[in-house]
Amino acid sequence: MVNTTVYFRTDQGDALLGVPYGNISGDARRLLELIDGIASVDVITHKVPLSVQVQLDEIFAQLLSENLIAEKYQVDSGAETENTTLANDEKYLKTMPVRPKSSEVGTEAKDAGSETKRRIDLENELADVRSQLAATKARQKEVESVCRSLEQQVAAYEHAKNAGSAENMQQIPAKIEAGKVLHDSLDNLNQLNQALIDQQKILDGTLKLRSFQMQLSATQSQEEIDVKEDKEVHSNPHYKKLRGLEFFKGFANAELLHFLKLAKWQNVRAGERILHEGDVGMPFFVIVSGSVKVVRKAQVLATLGRGEFFGEFAYLSEDQPLRSAQVAAASDCELLVVEPMDVEFSSVQMRLHVVEALLRGQVKRALLSSQRVDSLLSHADIPHEPH
C-alpha cells in the first residue's frame with residue numbers, strides 16, 4: 001500500500017457509519033471515520049494507535065473488499081502531477097454527492113477522535129512501561145548474578161572457616177596459663193626451636209661447600225701451613241683466653257687465628273646496656289669474661305656467662321634483623337663482636353665451625369628452657385588432659 005494514497009468513503013461506507021451498531025465496529029470503524037477523501041494513508045497512520053498501525057494494510061484491504069472505501073488519487077511531485085490532481089479534484093467534487101452532516105454525526109466523530117487520542121496516549125505510555133520493565137528485568141538478572149556470586153563466595157568462606165575450625169579443634173594445645181614467667185619461657189623456647197631450624201639449613205649448605213673447598217686445597221702442604229699458623233696463634237696475647245672457651249671448642253688453630261683477626265674487642269661496664277629490644281642490628285657477641293642478663297618486657301629470660309653468646313637471632317633470621325630482647329652487663333665484661341658479613345666471606349671451615357658453635361649453644365638453651373617449663377608446670381596447679 002502506498003502511503004500517499006488518498007481514499008474516500010463510498011455511499012455504503014457513509015451509511016454504515018450512520019448506524020451506531022452496524023456491521024462494522026472496532027478499529028475498522030475508527031479507521032473508516034478518518035477516511036475523508038483529503039487525508040492520505042501516511043497522515044491517517046499517525047492518527048491511529050500503534051496496535052492499529054501494525055494491521056493497517058489488513059484493515060484497508062477489508063474496507064476495499066467490502067466496497068466501503070475507494071481510492072481517490074495518488075499525490076505526486078511536479079507541475080504536471082499538480083495540474084492532474086487539481087483536475088481530478090474538480091471532477092471528484094462535481095461527481096461527489098452532497099451529504100448532509102447532522103449534529104449527531106459531528107458529535108460522534110468528535111467523541112471517536114477523543115477516544116482515539118486517549119488510546120494513542122495509553123499505548124505510548126504502555127510502550128514506555130514495557131521498555132522500562134525490560135530494562136528492570138535486565139538489571140534484575142544482573143543483580144541476581146552478583147548475588148549468586150556473593151552467595152558462592154560466602155559459602156566457600158564458611159566452608160573454609162568450618163574446615164579450619166575442625167582442623168584447629170584437632171590441634172588445640174593444652175591450655176596452660178601459669179603466669180607471665182611461664183608464658184615468656186614458652187615463647188623463648190619457640191624462638192630457640194626456630195633458630196635451630198634456621199641453623200640446620202645453614203649447616204647443610206655449609207657442609208656441601210666444605211667438601212668442595214677441601215678438594216681445591218688438597219694440593220697444598222697442610223702440614224707446613226699448620227706449623228706456620230700454630231707459631232702465629234700462640235704468639236697472640238688473646239689465644240689462651242679463647243682456647244678455653246666452649247664456643248671455640250671445635251676450632252683449629254688456623255681458624256681461631258682467623259677469628260681473632262675478624263672479631264672486634266669490646267669492654268663493657270656493669271649495668272651498661274649492650275642491646276636494646278626492637279633495635280635493628282646484625283652483629284652477635286661472644287662473652288670472653290663477665291656475665292650479661294637477657295631481658296624481655298621487664299622479665300629476665302636468662303643470665304649468660306663466659307664462653308656463651310647472644311644477639312644471634314638477628315644474624316640467623318631471614319626477616320628484618322630486629323633485636324628480640326634487651327641485653328645488659330651484669331658485671332664488667334669483655335666481649336668479642338662479630339659481624340655476620342665477615343663470617344660469610346671467610347673460609348668454608350670457618351663458617352662451618354661458627355654455625356656448629358651456635359648450634360651447640362642453641363641446643364643447650366633449648367634443653368634448659370624445656371627443663372624450666374617442666375619445673376614450672378610441676379609447681380603449677382594445672383589439670384592435664386589425658387592423651
# chains A, B, ... in the order shown; residues from 1 in each chain; ligands from 1
$ residues_around --residues "stretch 238-245 of chain A" --least-positions-apart "4" --cutoff "10 Å" --atoms "only C-alpha atoms" --output "list in words"
Glu232, Val233, His234, Lys249, Gly250, Phe251, Ala252, Asn253, Leu256, Leu257, Phe259, Leu260, Val286, Ile287, Val288, Ser289, Arg306, Gly307, Glu308 and Leu336 of chain A
$ write_last_selection --atoms "C-alpha atoms" --output "compact mmCIF listing (two decimals), in the first residue's frame"
# COMPACT_ATOMS: atom_id res chain seq x y z
CA GLU A 232 101.45 -17.17 64.88
CA VAL A 233 98.40 -18.06 67.00
CA HIS A 234 100.47 -18.91 70.07
CA LYS A 249 85.86 -25.98 71.13
CA GLY A 250 85.95 -27.26 67.54
CA PHE A 251 88.16 -24.52 66.04
CA ALA A 252 91.57 -25.42 64.68
CA ASN A 253 94.44 -23.06 65.49
CA LEU A 256 90.99 -19.42 65.78
CA LEU A 257 93.69 -17.14 64.44
CA PHE A 259 88.59 -15.41 64.10
CA LEU A 260 90.86 -13.21 66.21
CA VAL A 286 80.77 -13.89 72.40
CA ILE A 287 81.40 -13.41 76.12
CA VAL A 288 85.11 -13.73 76.89
CA SER A 289 84.73 -12.73 80.55
CA ARG A 306 81.92 -16.83 79.89
CA GLY A 307 82.05 -18.74 76.61
CA GLU A 308 78.36 -18.13 75.78
CA LEU A 336 84.02 -10.29 71.02
$ closest_residue --among "A:Leu56, A:Val154, A:Ala366, A:Leu50" --to "A:Arg119" --atoms "only C-alpha atoms"
A:Leu50
$ atom_distance --atom1 "atom CA of A:Ser369" --atom2 "atom CA of A:Ala270"
25.7 Å
$ residues_around --residues "A:Leu63" --least-positions-apart "3" --cutoff "10 Å" --atoms "only C-alpha atoms" --output "list in words"
Arg9, Gly13, Ile24, Ala28, Arg29, Leu31, Leu32, Glu58, Ile59, Phe60, Glu66, Asn67, Leu68, Ile69 and Ala70 of chain A
$ residues_around --residues "A:Met341" --least-positions-apart "6" --cutoff "10 Å" --atoms "only C-alpha atoms" --output "list in words"
Met282, Pro283 and Tyr315 of chain A
$ residues_around --residues "A:Glu272" --least-positions-apart "2" --cutoff "7 Å" --atoms "only C-alpha atoms" --output "VMD selection string"
chain A and resid 268 to 270 274 328 to 329
$ write_last_selection --atoms "C-alpha atoms" --output "PDB file, in the first residue's frame"
ATOM      1  CA  VAL A 268      81.557  -3.077  78.920  1.00  0.00           C
ATOM      2  CA  ARG A 269      80.942  -1.767  82.439  1.00  0.00           C
ATOM      3  CA  ALA A 270      78.453  -3.429  84.812  1.00  0.00           C
ATOM      4  CA  ILE A 274      74.587  -3.643  75.151  1.00  0.00           C
ATOM      5  CA  ALA A 328      72.707  -5.525  79.806  1.00  0.00           C
ATOM      6  CA  ALA A 329      76.037  -6.270  81.517  1.00  0.00           C
TER       7      ALA A 329
END
$ closest_residue --among "A:Ser149, A:Gln55, A:Thr10, A:Ser235" --to "A:Gly37" --atoms "only C-alpha atoms"
A:Thr10
$ atom_distance --atom1 "atom CA of A:Ala61" --atom2 "atom CA of A:Arg30"
14.9 Å
$ closest_residue --among "A:Thr303, A:Gln349, A:Leu64, A:Glu71" --to "A:Asp36" --atoms "only C-alpha atoms"
A:Glu71
$ closest_residue --among "A:Ser145, A:Gln326, A:Thr45, A:Asn3" --to "A:Ala302" --atoms "only C-alpha atoms"
A:Gln326
$ closest_residue --among "A:Ile120, A:Ala15, A:Leu376, A:Val338" --to "A:Ser51" --atoms "only C-alpha atoms"
A:Ile120
